[in-house]
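Q: Please find one structure pasted underneath; my questions will follow.
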Amino acid sequence: MSATVQRIYKTKDVDMLIAASTIIETAIANKSFLQTKRSTWADPFFEDLQLEINTTIQSFLGIDSAKDLRQATQVVLNLQKQAIKDLAEVKVQLVEDFKTNPTRQTEILTQLGFTSYHKQAQKGDQEALINLLYQFKTNLTPAVATEIEIQGTAIATLNTITAYADTLKAADITQENNKGIRKTITSEAITQFNIIYSKVISVSKISTKFYKDNPAQKEQFSFNKVSKTLNASKKTTSTPPTE
């Protein structure tokens with residue numbers, strides 16, 4: 001019996017592949033510089049690697065379009081970022097506006113979902129954020145909204161947050177739909193995933209050195225940073241669950 005093939009990465013399969021694809025897309029956008037540093041990266045090196053990633057995704061995960069998945073993922077991430085920002089602004093106003101009435105302050109924060117979900121949402125937990133937004137939307141009655149507005153919070157901000165619930169949920173559904181039909185992950189698949197990871201991590205490590213004096217650009221080639229941004233809320237394990 002052949003030995004079980006082990007993953008050489010610690011993220012979910014789909015997260016690893018999206019991160020890999022994102023990094024190579026960045027490499028393609030910056031290849032005029034990168035190719036001056038390494039002759040073996042001459043065309044069509046990056047394009048061939050991106051094609052290999054896309055083909056691997058389609059063959060072993062059943063996802064029709066890696067580009068569509070990256071775009072759908074980015075939409076969700078952008079919505080999360082803006083929602084978290086607006087929620088933080090509202091929470092600090094509620095804390096300050098109702099600090100002379102701690103009982104009411106606690107009741108409002110609990111009622112609107114901050115107490116149960118805000119900390120996890122801030123850490124990137126998408127499910128917690130959606131739960132918070134729906135609780136906020138459900139419990140922000142006209143009377144509560146008026147009470148909060150009278151204390152100083154702009155009603156427009158409250159309305160914006162209530163709209164996030166359905167928008168983020170729809171974006172999340174689109175993201176999941178773009179993942180297509182999940183296939184059984186075999187040793188053959190894991191072997192190919194490892195090959196992709198090995199190739200891209202080399203591009204990642206070398207490119208971050210090339211951009212050592214440009215922190216913003218350097219981060220775009222950091223596999224860990226890209227991966228964490230895509231999947232901030234999930235802890236990795238030594239044997240990741242299959243996608």
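Starting from 1 in every chain, residues are counted up; chains themselves are A, B, ... following the order of the structure tokens, and ligands are numbered from 1 as listed.
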Please identify all polymer residues within 12 Å of Ile150 in chain A, counting only C-alpha atoms, omitting same-chain residues fewer than 6 positions from it, and present them as a PyMOL selection string.
A: chain A and resi 93-94+97-98+143-144
Q: Those residues with C-alpha atoms, as an mmCIF file, in the first residue's frame please?
A:
```
data_model
loop_
_atom_site.group_PDB
_atom_site.id
_atom_site.type_symbol
_atom_site.label_atom_id
_atom_site.label_comp_id
_atom_site.auth_asym_id
_atom_site.auth_seq_id
_atom_site.Cartn_x
_atom_site.Cartn_y
_atom_site.Cartn_z
ATOM 1 C CA GLN A 93 -20.679 56.303 19.540
ATOM 2 C CA LEU A 94 -23.113 54.054 21.372
ATOM 3 C CA ASP A 97 -23.512 58.410 24.039
ATOM 4 C CA PHE A 98 -25.016 56.004 26.585
ATOM 5 C CA ALA A 143 -37.899 53.580 17.931
ATOM 6 C CA VAL A 144 -34.373 52.335 18.677
#
```
Q: Which value, in Å to one decimal, gives the distance between CA of Pro44 in chain A and CA of Lys199 in chain A?
A: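 So the answer is 14.7 Å.
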Q: Name the residues of range 4-235 of chain A that come out as helix (DSSP H, G or I) in a backbone DSSP run; write them as a PyMOL selection string.
A: chain A and resi 13-29+31-37+39-41+45-60+66-97+102-111+114-122+126-139+142-151+155-177+187-210+215-220+223-230
Q: List the spatial neighbours of Glu25 in chain A as a PyMOL selection string - criterion: any atom at most 10 Å away, only C-alpha atoms, same-chain residues fewer than 4 positions off excluded.
A: chain A and resi 19-21+29-31+46-47+49-50+67
Q: Need the shell around Thr106 in chain A: protein/DNA/RNA residues with any atom at most 12 Å away, counting only C-alpha atoms. Skip same-chain ones fewer than 3 positions apart. Format as a PyMOL selection string?
A: chain A and resi 91+94-103+109-116
Q: For the residues in that selection, give me N, CA, C and O atoms as a short mmCIF file (atom, residue, chain, number, x, y, z; two decimals), in the first residue's frame.
A:
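See selection24.cif below for the written result:
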```
data_model
loop_
_atom_site.label_atom_id
_atom_site.label_comp_id
_atom_site.auth_asym_id
_atom_site.auth_seq_id
_atom_site.Cartn_x
_atom_site.Cartn_y
_atom_site.Cartn_z
N LYS A 91 -20.38 51.59 17.15
CA LYS A 91 -20.21 51.07 18.51
C LYS A 91 -19.58 52.10 19.44
O LYS A 91 -20.05 52.30 20.57
N LEU A 94 -22.15 54.59 20.42
CA LEU A 94 -23.11 54.05 21.37
C LEU A 94 -22.51 53.99 22.78
O LEU A 94 -23.17 54.33 23.77
N VAL A 95 -21.27 53.54 22.86
CA VAL A 95 -20.60 53.43 24.16
C VAL A 95 -20.51 54.80 24.82
O VAL A 95 -20.79 54.95 26.02
N GLU A 96 -20.13 55.80 24.05
CA GLU A 96 -19.96 57.14 24.60
C GLU A 96 -21.30 57.84 24.86
O GLU A 96 -21.49 58.49 25.88
N ASP A 97 -22.23 57.70 23.92
CA ASP A 97 -23.51 58.41 24.04
C ASP A 97 -24.36 57.89 25.19
O ASP A 97 -25.17 58.63 25.77
N PHE A 98 -24.18 56.60 25.54
CA PHE A 98 -25.02 56.00 26.59
C PHE A 98 -24.22 55.66 27.85
O PHE A 98 -24.68 54.89 28.68
N LYS A 99 -23.03 56.25 27.99
CA LYS A 99 -22.20 55.89 29.14
C LYS A 99 -22.79 56.35 30.47
O LYS A 99 -22.45 55.80 31.52
N THR A 100 -23.66 57.35 30.42
CA THR A 100 -24.30 57.79 31.67
C THR A 100 -25.47 56.90 32.05
O THR A 100 -26.04 57.05 33.13
N ASN A 101 -25.82 55.99 31.14
CA ASN A 101 -26.91 55.04 31.41
C ASN A 101 -26.40 53.65 31.04
O ASN A 101 -26.77 53.10 30.00
N PRO A 102 -25.52 53.07 31.86
CA PRO A 102 -24.89 51.80 31.53
C PRO A 102 -25.85 50.66 31.25
O PRO A 102 -25.57 49.79 30.42
N THR A 103 -26.98 50.65 31.94
CA THR A 103 -27.96 49.58 31.72
C THR A 103 -28.49 49.64 30.29
O THR A 103 -28.57 48.61 29.60
N LEU A 109 -26.27 47.48 23.04
CA LEU A 109 -25.15 46.74 22.45
C LEU A 109 -25.47 45.25 22.30
O LEU A 109 -25.09 44.61 21.32
N THR A 110 -26.18 44.72 23.28
CA THR A 110 -26.59 43.31 23.22
C THR A 110 -27.66 43.11 22.15
O THR A 110 -27.58 42.18 21.34
N GLN A 111 -28.64 43.98 22.17
CA GLN A 111 -29.76 43.89 21.24
C GLN A 111 -29.31 43.96 19.78
O GLN A 111 -29.82 43.24 18.92
N LEU A 112 -28.32 44.81 19.52
CA LEU A 112 -27.87 45.00 18.13
C LEU A 112 -26.78 44.02 17.71
O LEU A 112 -26.29 44.09 16.58
N GLY A 113 -26.40 43.10 18.60
CA GLY A 113 -25.48 42.04 18.21
C GLY A 113 -24.02 42.27 18.52
O GLY A 113 -23.18 41.39 18.33
N PHE A 114 -23.69 43.46 19.03
CA PHE A 114 -22.28 43.75 19.30
C PHE A 114 -21.70 42.85 20.38
O PHE A 114 -20.56 42.37 20.25
N THR A 115 -22.45 42.61 21.44
CA THR A 115 -21.95 41.83 22.56
C THR A 115 -21.59 40.41 22.14
O THR A 115 -20.54 39.87 22.53
N SER A 116 -22.42 39.80 21.33
CA SER A 116 -22.22 38.40 20.96
C SER A 116 -21.23 38.19 19.82
O SER A 116 -20.52 37.19 19.80
#
```
Q: With only C-alpha atoms as the atoms that count, which of A:Ser204, A:Phe193, A:Lys209, A:Gln35 lies nearest to Val226 in chain A?
A: A:Ser204
Q: Determine the nearest neighbour of Asp86 in chain A from the options A:Met16, A:Val203, A:Ala156, A:Ile57, counting only C-alpha atoms.
A: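 Under the stated criterion, the closest residue is A:Ala156.
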Q: Counting only C-alpha atoms, figure out which residue out of A:Arg38, A:Lys10, A:Arg104, A:Lys119 gets nearest to Phe223 in chain A.
A: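 Ranked by minimum distance to Phe223 in chain A, first place goes to A:Lys10.
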